[in-house]
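Engineer: Dropping in query.cif, with mmCIF, C-alpha atoms.
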```
data_protein
loop_
_atom_site.label_atom_id
_atom_site.label_comp_id
_atom_site.auth_asym_id
_atom_site.auth_seq_id
_atom_site.Cartn_x
_atom_site.Cartn_y
_atom_site.Cartn_z
CA MET A 1 0.00 0.00 0.00
CA SER A 2 1.20 3.50 -0.68
CA HIS A 3 0.07 7.05 -0.18
CA THR A 4 -2.01 8.76 -2.85
CA HIS A 5 0.91 10.58 -4.44
CA SER A 6 3.77 8.22 -5.14
CA PRO A 7 6.24 9.43 -7.78
CA GLU A 8 9.57 7.77 -7.05
CA PRO A 9 12.07 10.41 -5.90
CA VAL A 10 14.74 11.62 -8.28
CA THR A 11 17.48 13.63 -6.65
CA GLN A 12 19.18 14.97 -9.78
CA PRO A 13 17.52 16.93 -12.63
CA VAL A 14 19.60 14.92 -15.13
CA SER A 15 21.39 11.70 -14.17
CA PRO A 16 23.19 8.99 -16.19
CA LEU A 17 21.76 5.58 -17.00
CA PRO A 18 24.04 2.64 -16.16
CA GLY A 19 26.75 1.68 -18.64
CA GLY A 20 26.58 4.91 -20.61
CA LEU A 21 23.21 3.93 -22.13
CA GLY A 22 21.88 7.46 -21.82
CA TRP A 23 20.23 9.85 -19.39
CA VAL A 24 17.31 10.10 -16.98
CA VAL A 25 15.72 13.56 -17.19
CA ALA A 26 13.59 14.94 -14.37
CA ASP A 27 13.98 18.63 -15.18
CA ARG A 28 11.07 20.37 -16.92
CA GLU A 29 13.12 22.77 -19.05
CA ALA A 30 15.54 20.06 -20.20
CA ALA A 31 12.64 17.67 -20.97
CA VAL A 32 10.76 20.24 -23.07
CA ARG A 33 13.88 21.24 -25.02
CA LEU A 34 14.97 17.66 -25.66
CA LEU A 35 11.53 16.38 -26.65
CA SER A 36 11.16 19.34 -29.02
CA ASP A 37 14.43 18.49 -30.77
CA ASP A 38 14.06 16.75 -34.16
CA ARG A 39 17.25 14.81 -33.47
CA LEU A 40 15.48 12.90 -30.71
CA GLY A 41 13.17 10.14 -31.93
CA VAL A 42 11.61 6.89 -30.77
CA VAL A 43 13.23 3.49 -30.52
CA GLU A 44 12.24 1.95 -33.85
CA SER A 45 11.33 -1.72 -34.15
CA THR A 46 13.53 -2.54 -37.15
CA ALA A 47 16.77 -3.30 -35.29
CA VAL A 48 15.02 -5.22 -32.52
CA MET A 49 13.12 -7.49 -34.89
CA ALA A 50 16.12 -7.99 -37.18
CA SER A 51 18.20 -9.20 -34.24
CA LEU A 52 15.44 -11.56 -33.18
CA THR A 53 14.93 -12.99 -36.67
CA GLN A 54 18.59 -13.91 -37.12
CA GLY A 55 18.53 -16.35 -34.22
CA LEU A 56 15.43 -18.31 -35.24
CA ALA A 57 15.00 -21.64 -36.99
CA ASP A 58 14.09 -21.54 -40.68
CA GLU A 59 10.48 -22.60 -40.11
CA VAL A 60 9.84 -19.76 -37.64
CA ARG A 61 11.74 -16.97 -39.40
CA PRO A 62 8.95 -16.12 -41.92
CA MET A 63 6.56 -15.55 -39.01
CA ALA A 64 9.06 -13.19 -37.39
CA GLU A 65 9.56 -11.33 -40.69
CA GLU A 66 5.79 -10.86 -41.04
CA LEU A 67 5.59 -9.57 -37.47
CA ALA A 68 8.52 -7.22 -38.16
CA ALA A 69 6.79 -5.80 -41.25
CA PHE A 70 3.65 -5.21 -39.17
CA ALA A 71 5.58 -3.49 -36.35
CA GLU A 72 7.39 -1.16 -38.76
CA ARG A 73 4.03 0.30 -39.85
CA ILE A 74 2.98 1.45 -36.35
CA MET A 75 3.31 5.22 -35.96
CA LEU A 76 4.51 5.13 -32.36
CA GLN A 77 7.68 3.32 -33.40
CA ALA A 78 8.15 4.79 -36.88
CA SER A 79 10.82 7.18 -38.12
CA PRO A 80 9.95 10.90 -37.75
CA GLU A 81 9.02 11.32 -41.43
CA ARG A 82 6.87 8.20 -41.53
CA HIS A 83 5.33 9.04 -38.16
CA ALA A 84 4.31 12.48 -39.43
CA SER A 85 2.64 10.97 -42.50
CA LEU A 86 0.67 8.40 -40.47
CA ARG A 87 -0.21 11.03 -37.89
CA ARG A 88 -1.72 13.28 -40.56
CA ALA A 89 -3.83 10.40 -41.83
CA PHE A 90 -5.25 9.39 -38.44
CA GLY A 91 -5.47 12.97 -37.21
CA ARG A 92 -8.88 13.18 -38.88
CA PHE A 93 -10.40 11.26 -35.95
CA PHE A 94 -8.86 13.48 -33.25
CA THR A 95 -9.37 17.06 -34.47
CA ALA A 96 -11.25 19.52 -32.28
CA ASP A 97 -14.33 19.16 -34.50
CA ALA A 98 -14.15 15.36 -34.47
CA VAL A 99 -13.86 15.24 -30.68
CA ASP A 100 -16.66 17.78 -30.24
CA ALA A 101 -18.86 15.56 -32.41
CA MET A 102 -18.10 12.63 -30.08
CA VAL A 103 -19.00 14.48 -26.88
CA PRO A 104 -22.73 13.57 -26.87
CA ALA A 105 -21.80 9.89 -27.20
CA LEU A 106 -19.16 10.20 -24.47
CA ARG A 107 -21.77 11.82 -22.23
CA THR A 108 -24.30 9.07 -22.87
CA ILE A 109 -21.72 6.36 -22.21
CA ALA A 110 -20.60 8.10 -19.02
CA ASP A 111 -24.18 8.42 -17.74
CA GLN A 112 -24.84 4.73 -18.44
CA VAL A 113 -21.65 3.45 -16.81
CA VAL A 114 -21.87 5.77 -13.82
CA GLY A 115 -25.63 5.28 -13.41
CA LYS A 116 -25.30 1.54 -12.84
CA PHE A 117 -22.32 2.01 -10.54
CA CYS A 118 -24.02 4.64 -8.38
CA ALA A 119 -27.36 2.81 -8.30
CA ALA A 120 -25.51 -0.07 -6.65
CA GLY A 121 -24.16 2.27 -4.00
CA GLY A 122 -20.67 2.31 -5.49
CA GLY A 123 -18.07 -0.43 -5.58
CA GLU A 124 -14.62 -0.94 -7.07
CA PHE A 125 -14.07 2.08 -9.32
CA MET A 126 -11.22 0.78 -11.50
CA THR A 127 -13.09 -2.26 -12.82
CA GLY A 128 -16.63 -0.92 -12.40
CA VAL A 129 -16.07 2.48 -13.99
CA ALA A 130 -12.56 3.37 -15.24
CA PHE A 131 -11.80 0.32 -17.40
CA ARG A 132 -15.41 -0.20 -18.44
CA TYR A 133 -15.79 3.42 -19.55
CA ALA A 134 -12.45 3.33 -21.42
CA ILE A 135 -13.53 0.17 -23.24
CA GLU A 136 -16.92 1.64 -24.17
CA CYS A 137 -15.35 4.87 -25.46
CA GLY A 138 -12.60 3.05 -27.35
CA SER A 139 -15.09 0.72 -29.01
CA HIS A 140 -17.24 3.71 -30.05
CA LEU A 141 -14.25 5.49 -31.61
CA LEU A 142 -13.08 2.45 -33.54
CA GLY A 143 -16.46 0.98 -34.48
CA LEU A 144 -16.24 -2.26 -32.53
CA SER A 145 -18.53 -3.82 -29.96
CA PRO A 146 -17.17 -3.43 -26.41
CA GLY A 147 -16.67 -7.19 -26.14
CA GLU A 148 -14.72 -7.33 -29.39
CA PHE A 149 -12.64 -4.30 -28.43
CA HIS A 150 -11.67 -5.99 -25.16
CA ARG A 151 -10.83 -9.25 -26.95
CA LEU A 152 -8.68 -7.45 -29.54
CA HIS A 153 -6.90 -5.61 -26.75
CA LYS A 154 -5.97 -8.92 -25.12
CA LEU A 155 -4.72 -10.23 -28.47
CA SER A 156 -2.70 -7.05 -29.03
CA GLN A 157 -0.98 -7.58 -25.67
CA ARG A 158 0.08 -11.06 -26.78
CA LEU A 159 1.33 -9.54 -30.03
CA ALA A 160 3.33 -6.84 -28.21
CA LEU A 161 5.28 -9.46 -26.22
CA VAL A 162 7.17 -10.40 -29.39
CA ALA A 163 9.29 -7.27 -28.91
CA TYR A 164 10.73 -8.94 -25.78
CA ALA A 165 11.06 -12.42 -27.30
CA ALA A 166 14.87 -12.27 -27.50
CA ARG A 167 15.01 -12.05 -23.70
CA LEU A 168 12.79 -15.11 -23.16
CA PRO A 169 13.98 -18.71 -22.67
CA ASP A 170 12.18 -19.77 -25.88
CA PRO A 171 12.04 -16.88 -28.39
CA ALA A 172 10.60 -19.11 -31.12
CA ALA A 173 7.57 -19.98 -28.99
CA ALA A 174 6.93 -16.27 -28.36
CA VAL A 175 7.10 -15.58 -32.10
CA VAL A 176 4.65 -18.41 -32.88
CA GLU A 177 2.28 -17.13 -30.19
CA GLY A 178 2.53 -13.54 -31.46
CA HIS A 179 1.93 -14.62 -35.04
CA ALA A 180 -1.18 -16.55 -34.00
CA ALA A 181 -2.46 -13.43 -32.21
CA LEU A 182 -1.85 -11.28 -35.31
CA THR A 183 -3.67 -13.79 -37.52
CA GLU A 184 -6.69 -13.75 -35.20
CA ILE A 185 -6.64 -9.93 -34.98
CA ARG A 186 -6.72 -9.67 -38.77
CA ARG A 187 -9.57 -12.16 -39.04
CA SER A 188 -11.61 -10.30 -36.41
CA ILE A 189 -11.06 -6.92 -38.08
CA ARG A 190 -12.19 -8.30 -41.44
CA GLN A 191 -15.40 -9.56 -39.85
CA ALA A 192 -16.06 -6.31 -37.97
CA ARG A 193 -15.46 -3.85 -40.83
CA PRO A 194 -18.80 -4.26 -42.65
CA HIS A 195 -20.76 -3.63 -39.44
CA ALA A 196 -18.86 -0.56 -38.19
CA PRO A 197 -20.69 2.80 -37.98
CA ALA A 198 -19.76 5.17 -40.82
CA GLU A 199 -18.27 7.81 -38.49
CA SER A 200 -15.92 5.32 -36.77
CA VAL A 201 -12.35 4.47 -37.72
CA LEU A 202 -13.33 1.04 -39.01
CA GLY A 203 -16.34 2.49 -40.79
CA ALA A 204 -14.17 5.02 -42.64
CA TRP A 205 -11.81 2.22 -43.67
CA HIS A 206 -14.68 0.05 -44.88
CA ALA A 207 -15.92 2.99 -46.98
CA GLY A 208 -12.55 3.10 -48.72
CA TRP A 209 -10.88 5.95 -46.80
CA THR A 210 -7.30 5.38 -45.65
CA GLY A 211 -6.00 8.95 -45.55
CA GLY A 212 -3.47 8.22 -48.25
CA THR A 213 -1.94 5.30 -46.35
CA THR A 214 -1.80 1.69 -47.49
CA GLU A 215 -4.30 -0.88 -46.27
CA GLU A 216 -1.48 -2.51 -44.29
CA ASP A 217 -0.59 0.80 -42.61
CA PHE A 218 -4.21 1.45 -41.68
CA GLU A 219 -4.60 -2.04 -40.22
CA ALA A 220 -1.44 -1.78 -38.09
CA ASN A 221 -2.38 1.61 -36.65
CA LEU A 222 -5.94 0.56 -35.94
CA VAL A 223 -4.44 -2.19 -33.76
CA MET A 224 -2.18 0.43 -32.18
CA LEU A 225 -5.25 2.49 -31.25
CA VAL A 226 -6.83 -0.56 -29.62
CA GLN A 227 -3.72 -1.11 -27.56
CA ALA A 228 -3.12 2.54 -26.65
CA SER A 229 -6.63 3.53 -25.57
CA LEU A 230 -7.28 1.35 -22.53
CA GLU A 231 -4.68 1.29 -19.73
CA THR A 232 -3.61 4.90 -20.18
CA VAL A 233 -7.20 6.19 -20.18
CA ALA A 234 -8.28 3.99 -17.27
CA GLY A 235 -5.17 5.03 -15.34
CA MET A 236 -5.88 8.70 -15.96
CA LEU A 237 -9.45 8.24 -14.69
CA GLY A 238 -8.33 6.35 -11.60
CA ASN A 239 -5.68 8.92 -10.72
CA ALA A 240 -8.19 11.75 -11.19
CA ALA A 241 -10.81 9.96 -9.09
CA VAL A 242 -8.42 9.92 -6.14
CA LEU A 243 -8.46 13.73 -6.10
CA ILE A 244 -11.96 14.52 -7.37
CA LEU A 245 -14.26 12.09 -5.54
CA GLY A 246 -15.15 13.49 -2.18
CA SER A 247 -13.45 16.82 -2.75
CA PRO A 248 -15.53 19.46 -0.94
CA ASP A 249 -15.59 21.74 -3.99
CA ALA A 250 -15.99 19.10 -6.71
CA SER A 251 -19.44 20.46 -7.58
CA ASP A 252 -17.67 23.29 -9.43
CA PRO A 253 -16.81 22.17 -13.01
CA ALA A 254 -13.75 24.45 -13.15
CA ARG A 255 -12.46 22.95 -9.90
CA ARG A 256 -12.93 19.42 -11.25
CA GLU A 257 -10.83 20.31 -14.29
CA ALA A 258 -8.17 21.83 -12.05
CA LEU A 259 -8.07 18.61 -10.01
CA LEU A 260 -7.80 16.63 -13.26
CA ASP A 261 -4.77 18.77 -14.21
CA GLU A 262 -3.24 18.14 -10.80
CA ALA A 263 -3.72 14.38 -11.16
CA LEU A 264 -2.17 14.42 -14.63
CA ARG A 265 0.83 16.37 -13.35
CA ASN A 266 1.54 14.30 -10.25
CA GLU A 267 0.35 10.81 -11.23
CA PRO A 268 0.65 10.55 -15.03
CA PRO A 269 -0.69 7.29 -16.51
CA LEU A 270 2.67 6.80 -18.29
CA LYS A 271 5.54 7.17 -15.84
CA THR A 272 8.31 7.65 -18.41
CA LEU A 273 8.84 8.76 -22.01
CA GLU A 274 11.69 6.99 -23.80
CA ARG A 275 13.45 8.54 -26.78
CA ILE A 276 16.72 7.85 -28.63
CA ALA A 277 19.19 10.37 -30.03
CA HIS A 278 19.67 10.00 -33.79
CA ALA A 279 22.48 12.59 -33.74
CA PRO A 280 24.61 14.24 -31.05
CA ILE A 281 22.78 16.84 -28.94
CA ALA A 282 24.37 19.47 -26.70
CA LEU A 283 22.07 21.06 -24.13
CA GLY A 284 23.83 23.29 -21.63
CA GLY A 285 26.24 21.01 -19.84
CA LEU A 286 24.50 17.86 -21.10
CA HIS A 287 26.09 16.10 -24.09
CA VAL A 288 23.99 13.32 -25.60
CA ARG A 289 25.72 10.94 -28.02
CA ALA A 290 23.94 9.44 -31.02
CA GLY A 291 22.33 6.18 -29.97
CA GLN A 292 21.89 7.14 -26.32
CA ILE A 293 18.52 6.83 -24.60
CA ILE A 294 16.70 9.74 -23.00
CA SER A 295 14.21 8.61 -20.33
CA VAL A 296 12.00 11.48 -19.14
CA ARG A 297 10.49 11.03 -15.68
CA VAL A 298 7.11 12.56 -16.39
CA ALA A 299 5.82 13.35 -12.89
CA GLU A 300 9.00 15.18 -11.91
CA ALA A 301 9.35 16.99 -15.23
CA ASN A 302 5.70 18.09 -15.01
CA GLN A 303 6.42 20.35 -12.08
CA PRO A 304 6.54 23.97 -13.33
CA THR A 305 9.75 25.97 -12.98
CA ASP A 306 10.02 29.57 -14.19
CA GLY A 307 6.94 29.21 -16.38
CA ILE A 308 8.61 26.79 -18.81
CA ALA A 309 5.91 25.50 -21.19
CA GLY A 310 3.27 27.45 -19.32
CA ARG A 311 0.56 25.35 -17.67
CA ALA A 312 0.94 22.47 -20.13
CA VAL A 313 1.90 19.08 -18.77
CA LEU A 314 4.06 16.35 -20.28
CA SER A 315 1.68 13.53 -19.39
CA PHE A 316 0.53 13.25 -23.01
CA GLY A 317 4.09 13.54 -24.32
CA TRP A 318 5.71 16.48 -26.04
CA GLY A 319 6.96 17.36 -29.48
CA ALA A 320 6.38 15.40 -32.67
CA TYR A 321 5.30 12.22 -30.86
CA ARG A 322 2.81 13.83 -28.48
CA CYS A 323 -0.24 11.62 -27.93
CA LEU A 324 -2.64 11.98 -30.84
CA GLY A 325 -5.61 11.28 -28.57
CA ALA A 326 -4.77 13.81 -25.83
CA ARG A 327 -7.78 16.05 -26.59
CA LEU A 328 -10.16 13.08 -26.66
CA ALA A 329 -8.76 11.64 -23.43
CA ARG A 330 -9.30 14.90 -21.59
CA HIS A 331 -12.90 15.14 -22.83
CA GLN A 332 -13.48 11.55 -21.69
CA ALA A 333 -12.35 12.45 -18.18
CA VAL A 334 -14.42 15.63 -18.03
CA GLU A 335 -17.59 13.83 -19.16
CA LEU A 336 -17.08 10.96 -16.73
CA PHE A 337 -16.67 13.14 -13.65
CA ASP A 338 -19.51 15.42 -14.75
CA ALA A 339 -21.66 12.29 -14.85
CA MET A 340 -20.44 11.27 -11.38
CA GLN A 341 -21.40 14.70 -10.08
CA ARG A 342 -24.89 14.41 -11.61
CA ALA A 343 -25.49 10.87 -10.37
CA ALA A 344 -23.75 10.92 -6.97
CA PRO A 345 -22.44 14.32 -5.90
CA GLY A 346 -21.48 12.88 -2.51
CA ALA A 347 -19.39 9.98 -3.84
CA THR A 348 -16.30 9.39 -1.70
CA LEU A 349 -13.33 7.07 -1.46
CA VAL A 350 -13.66 4.37 1.17
CA ASP A 351 -9.92 4.12 1.97
CA GLY A 352 -7.48 6.94 2.58
CA GLU A 353 -4.58 4.76 1.42
CA ILE A 354 -4.43 3.78 -2.26
CA GLU A 355 -2.79 0.58 -3.46
CA ARG A 356 -0.99 1.29 -6.73
CA ILE A 357 0.21 -0.87 -9.59
CA ARG A 358 4.00 -1.01 -9.65
CA HIS A 359 4.52 -1.40 -13.39
CA ILE A 360 7.55 -0.16 -15.30
CA ARG A 361 5.35 2.05 -17.51
CA PHE A 362 1.85 2.44 -16.07
CA ASN A 363 0.95 4.35 -12.93
CA MET A 364 -2.59 3.88 -11.63
CA PRO A 365 -4.55 2.65 -8.61
CA ARG A 366 -4.88 -1.13 -8.49
CA ARG A 367 -8.19 -0.90 -6.66
CA LEU A 368 -10.28 2.09 -5.66
CA ALA A 369 -13.26 1.48 -3.39
CA VAL A 370 -15.91 4.20 -3.79
CA ARG A 371 -19.09 4.75 -1.81
CA CYS A 372 -22.02 6.53 -3.46
CA PRO A 373 -24.75 8.00 -1.24
CA ALA A 374 -28.35 6.89 -1.55
CA HIS A 375 -30.01 8.21 -4.69
CA GLU A 376 -32.02 11.36 -3.99
CA PRO A 377 -35.21 12.43 -5.82
CA GLN A 378 -33.52 15.68 -6.89
CA GLN A 379 -31.02 13.69 -8.93
CA ASP A 380 -33.86 12.04 -10.87
CA LEU A 381 -35.39 15.44 -11.56
CA ALA A 382 -32.01 16.88 -12.62
CA ARG A 383 -31.63 14.03 -15.09
CA MET A 384 -35.13 14.60 -16.48
CA LEU A 385 -34.55 18.33 -16.90
CA THR A 386 -31.13 17.95 -18.55
CA GLU A 387 -32.43 15.27 -20.90
CA SER A 388 -35.58 17.17 -21.88
CA LEU A 389 -33.58 20.35 -22.55
CA GLU A 390 -30.57 18.53 -24.03
CA GLU A 391 -28.43 20.70 -21.77
CA HIS A 392 -26.14 19.51 -18.95
CA ASP A 393 -24.86 22.90 -17.78
CA LEU A 394 -27.04 23.59 -14.75
CA ASP A 395 -26.09 27.27 -14.68
CA ARG A 396 -26.44 28.34 -18.32
CA PRO A 397 -29.23 30.94 -18.76
CA LEU A 398 -32.18 29.29 -20.47
CA SER A 399 -34.12 30.74 -23.37
CA SER A 400 -37.84 31.48 -22.99
CA VAL A 401 -38.70 28.31 -24.93
CA GLU A 402 -36.44 26.24 -22.68
CA ARG A 403 -38.12 27.71 -19.59
CA VAL A 404 -41.49 26.60 -20.94
CA MET A 405 -40.07 23.10 -21.51
CA ALA A 406 -38.63 23.04 -17.97
CA ALA A 407 -42.03 24.01 -16.54
CA ALA A 408 -43.69 21.23 -18.54
CA THR A 409 -41.16 18.70 -17.20
CA LEU A 410 -41.92 19.75 -13.62
CA GLU A 411 -45.68 19.51 -14.18
CA GLN A 412 -45.34 16.05 -15.73
CA ASN A 413 -43.54 14.92 -12.56
CA GLY A 414 -46.10 16.32 -10.13
CA HIS A 415 -44.45 19.61 -9.23
CA ALA A 416 -46.10 23.02 -9.08
CA VAL A 417 -44.65 25.66 -11.40
CA PRO A 418 -44.16 29.39 -10.84
CA ASP A 419 -45.78 32.18 -12.80
CA HIS A 420 -44.01 32.80 -16.08
CA ALA A 421 -42.63 36.14 -14.89
CA ALA A 422 -41.03 34.46 -11.87
CA ALA A 423 -39.74 31.39 -13.74
CA PRO A 424 -36.15 30.41 -12.84
CA THR A 425 -33.58 31.17 -15.54
CA THR A 426 -31.34 28.11 -15.05
CA ILE A 427 -31.80 24.38 -14.56
CA ARG A 428 -30.35 24.72 -11.06
CA GLY A 429 -32.99 27.35 -10.33
CA TRP A 430 -35.77 24.98 -11.41
CA LEU A 431 -34.32 22.26 -9.17
CA SER A 432 -34.25 24.68 -6.26
CA TRP A 433 -37.87 25.67 -6.94
CA ALA A 434 -39.01 22.04 -7.14
CA THR A 435 -37.31 20.93 -3.92
CA THR A 436 -38.51 23.79 -1.68
CA HIS A 437 -42.01 24.26 -0.23
CA ARG A 438 -42.91 26.28 -3.35
CA GLY A 439 -42.65 23.18 -5.54
#
```
Please rewrite the model in this file as structure tokens.
Structural biologist:
Amino acid sequence: MSHTHSPEPVTQPVSPLPGGLGWVVADREAAVRLLSDDRLGVVESTAVMASLTQGLADEVRPMAEELAAFAERIMLQASPERHASLRRAFGRFFTADAVDAMVPALRTIADQVVGKFCAAGGGEFMTGVAFRYAIECGSHLLGLSPGEFHRLHKLSQRLALVAYAARLPDPAAAVVEGHAALTEIRRSIRQARPHAPAESVLGAWHAGWTGGTTEEDFEANLVMLVQASLETVAGMLGNAAVLILGSPDASDPARREALLDEALRNEPPLKTLERIAHAPIALGGLHVRAGQIISVRVAEANQPTDGIAGRAVLSFGWGAYRCLGARLARHQAVELFDAMQRAAPGATLVDGEIERIRHIRFNMPRRLAVRCPAHEPQQDLARMLTESLEEHDLDRPLSSVERVMAAATLEQNGHAVPDHAAAPTTIRGWLSWATTHRG
């Protein structure tokens, strides 16, 4: 068990990795400058897979070569030029307009997931809310059923283990297992494509749109999106829940977003960002040789010093390889905790101590027990009003037509209504009217 905030201490802003492999960076200014440098890229899969292939028996080598060709197409481990091309293609699904268009669906999903959780009086948040919501949102984005999304994610994890096959006692067995997973992933995607909604990633692909990429490129990066949109999102939600649930001022939307920022800064879902220098880099007194690794400790580098990078955080990466889904992930979190506030404004954590997963990359609560207070009639009325008006901002001034609709909703649910001249101007005002002696 550990306390809520648990970034491992780093005593030096920049310190060497063992054996001259590179540098650990915990300084915000150094991290921003390095991650913005075009000479710093990702560790590409080509060399790793080539080394693995050379040591395999003839009957297994073709499987490894097919896996290597697949891995080379994934944008997160592609060269800067190829990454930029793939990023432009898939950027269509993550623009501000595209994310705004998804918000109603995110809100509906959040209300459904949270509604069941709160109706049961709460429970284990990570499995009951965080992972379930991430799966539902990911499946909506990609055009898969939630069950199929979860199954493909499990298969993608088996596929990803091939990158570590050279370190295993039986590399050939890992390659065979990874190839079987890839074969099943491809079969499942082929079956799902014709049934995907037109606005989804799979639906766009089925309609013939690939953004100028090849079919093979589109397939590989679709799998990458399956793999990248679960643990990191669920971890973000769990870390935010630790701060937001039970906070005395969590009813204020701006305060919830501020607490989300704080969670992202101090407990990022990805603990480190690894990059490799493709050319020598000199930064102040730091001299990075070509081939050396830069490992940025995100939580430490997130802490602001002298206004470097303003209020932005490094939890979604920085520079050319910054997370493509950062905007969507933030909207997911906002909608989920808005839904929690609507359904159970008094939701609190059961334990003051949080058990955390000690994984080399991920940082999230392992379990998070949450208690939701008994459902109150006002919450039912709030839901009815927000649904009838298609408006979830309780404090936005309502138009005259909306005030008439709000009055009709109250009447339909057995409440008295005020004279038109005295009608409340916000949804919160109508709730106040309905729950006092006047209503």
Engineer: What residues come out when you apply the PyMOL selection byres ((chain A and resi 22-38) around 6) to this file, written as a ChimeraX atom specification?
Structural biologist: /A:13-17,20-21,39-40,292-297,300-301,318-319
Engineer: CA of Glu257 (chain A) and CA of Gly238 (chain A) are how many Å apart?
Structural biologist: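 About the pair CA of Glu257 (chain A) and CA of Gly238 (chain A): they are 14.4 Å apart.
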Engineer: Which is closer to Gly325 (chain A) than all the others in A:Thr95, A:Asn239, A:Ser51, A:Gln112, using all atoms listed in the file?
Structural biologist: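 Counting all atoms listed in the file, the residue closest to Gly325 (chain A) is A:Thr95.
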Engineer: Within 9 Å of Leu76 (chain A), counting all atoms listed in the file, which residues show up once you throw out same-chain ones fewer than 3 positions away? Write them as a PyMOL selection string, please.
Structural biologist: chain A and resi 42+44+73+79+83+221+224+321
Engineer: Closest to Gln332 (chain A) among A:Leu260, A:Ala174, A:Val43, A:Val370, using all atoms listed in the file?
Structural biologist: A:Leu260
Engineer: So what do you get for CA of Thr46 (chain A) versus CA of Leu152 (chain A), distance-wise?
Structural biologist: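 So the answer is 24.0 Å.
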Engineer: Is there a way to get, as a ChimeraX atom specification, all residues within 12 Å of the point (2.3, -19.5, -33.9) in file coordinates, counting only C-alpha atoms?
Structural biologist: /A:59-64,66-67,158-159,162,171-184
Engineer: Using only C-alpha atoms, please write the residues we just selected to a file, as a short mmCIF file (atom, residue, chain, number, x, y, z; two decimals), in the coordinates of the input.
Structural biologist:
```cif
data_model
loop_
_atom_site.label_atom_id
_atom_site.label_comp_id
_atom_site.auth_asym_id
_atom_site.auth_seq_id
_atom_site.Cartn_x
_atom_site.Cartn_y
_atom_site.Cartn_z
CA GLU A 59 10.48 -22.60 -40.11
CA VAL A 60 9.84 -19.76 -37.64
CA ARG A 61 11.74 -16.97 -39.40
CA PRO A 62 8.95 -16.12 -41.92
CA MET A 63 6.56 -15.55 -39.01
CA ALA A 64 9.06 -13.19 -37.39
CA GLU A 66 5.79 -10.86 -41.04
CA LEU A 67 5.59 -9.57 -37.47
CA ARG A 158 0.08 -11.06 -26.78
CA LEU A 159 1.33 -9.54 -30.03
CA VAL A 162 7.17 -10.40 -29.39
CA PRO A 171 12.04 -16.88 -28.39
CA ALA A 172 10.60 -19.11 -31.12
CA ALA A 173 7.57 -19.98 -28.99
CA ALA A 174 6.93 -16.27 -28.36
CA VAL A 175 7.10 -15.58 -32.10
CA VAL A 176 4.65 -18.41 -32.88
CA GLU A 177 2.28 -17.13 -30.19
CA GLY A 178 2.53 -13.54 -31.46
CA HIS A 179 1.93 -14.62 -35.04
CA ALA A 180 -1.18 -16.55 -34.00
CA ALA A 181 -2.46 -13.43 -32.21
CA LEU A 182 -1.85 -11.28 -35.31
CA THR A 183 -3.67 -13.79 -37.52
CA GLU A 184 -6.69 -13.75 -35.20
#
```
Engineer: Rank nothing, just name the residue among A:Leu237, A:Leu283, A:Ile189, A:Val334 nearest to Leu106 (chain A), using only C-alpha atoms.
Structural biologist: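 For Leu106 (chain A), the nearest of the candidates is A:Val334.
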Engineer: Calculated over all atoms listed in the file, which of the candidates A:Leu286, A:Ala344, A:Ala234, A:Ile360 has the smallest distance to Asp111 (chain A)?
Structural biologist: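 Answer, going by the shortest atom-to-atom distance: A:Ala344.
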Engineer: Quick one: distance from CA of Leu324 (chain A) to CA of Pro280 (chain A) in Å, one decimal?
Structural biologist: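 Calculated distance between CA of Leu324 (chain A) and CA of Pro280 (chain A) is 27.3 Å.
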Engineer: Have a look at A:Pro424, A:Pro253, A:Gly115, A:Pro80 and name the one nearest to Asp338 (chain A); count only C-alpha atoms.
Structural biologist: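 Comparing A:Pro424, A:Pro253, A:Gly115, A:Pro80 against Asp338 (chain A), the winner is A:Pro253.
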Engineer: Using 6 Å of padding on each side, determine the axis-aligned box around all atoms of region 241-253 of chain A present in the file and give its centre and edge lengths in Å to one decimal, as JSON.
Structural biologist:
```
{"center_x": -13.9, "center_y": 16.6, "center_z": -7.0, "size_x": 23.0, "size_y": 25.4, "size_z": 24.1}
```
Engineer: Could you check the closest approach to Ala96 (chain A) for each of A:Met236, A:His392, A:His331, A:Glu81 and tell me which residue wins, using all atoms listed in the file?
Structural biologist: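 Ranking A:Met236, A:His392, A:His331, A:Glu81 by distance to Ala96 (chain A), first place goes to A:His331.
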Engineer: Enumerate, as a ChimeraX atom specification, the residues matched when the PyMOL selection byres ((chain A and resi 289) around 7) is run on the file above.
Structural biologist: /A:277,279-281,287-288,290-292
Engineer: Given the file shown, enumerate the residues that the PyMOL selection byres ((chain A and resi 74) around 9) captures and present them as a list in words.
Structural biologist: Phe70, Ala71, Glu72, Arg73, Met75, Leu76, Gln77, Ala78, His83, Leu86, Asp217, Phe218, Ala220, Asn221, Leu222, Val223 and Met224 of chain A
Engineer: I want to know what sits within 10 Å of Leu410 (chain A), based on only C-alpha atoms, with residues of the same chain fewer than 5 positions away left out; could you give that as a list in words?
Structural biologist: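 Final neighbour list, sorted by chain and number: Leu381, Met384, Leu385, Met405, His415, Ala416, Val417, Trp430, Leu431, Trp433, Ala434 and Gly439 of chain A.
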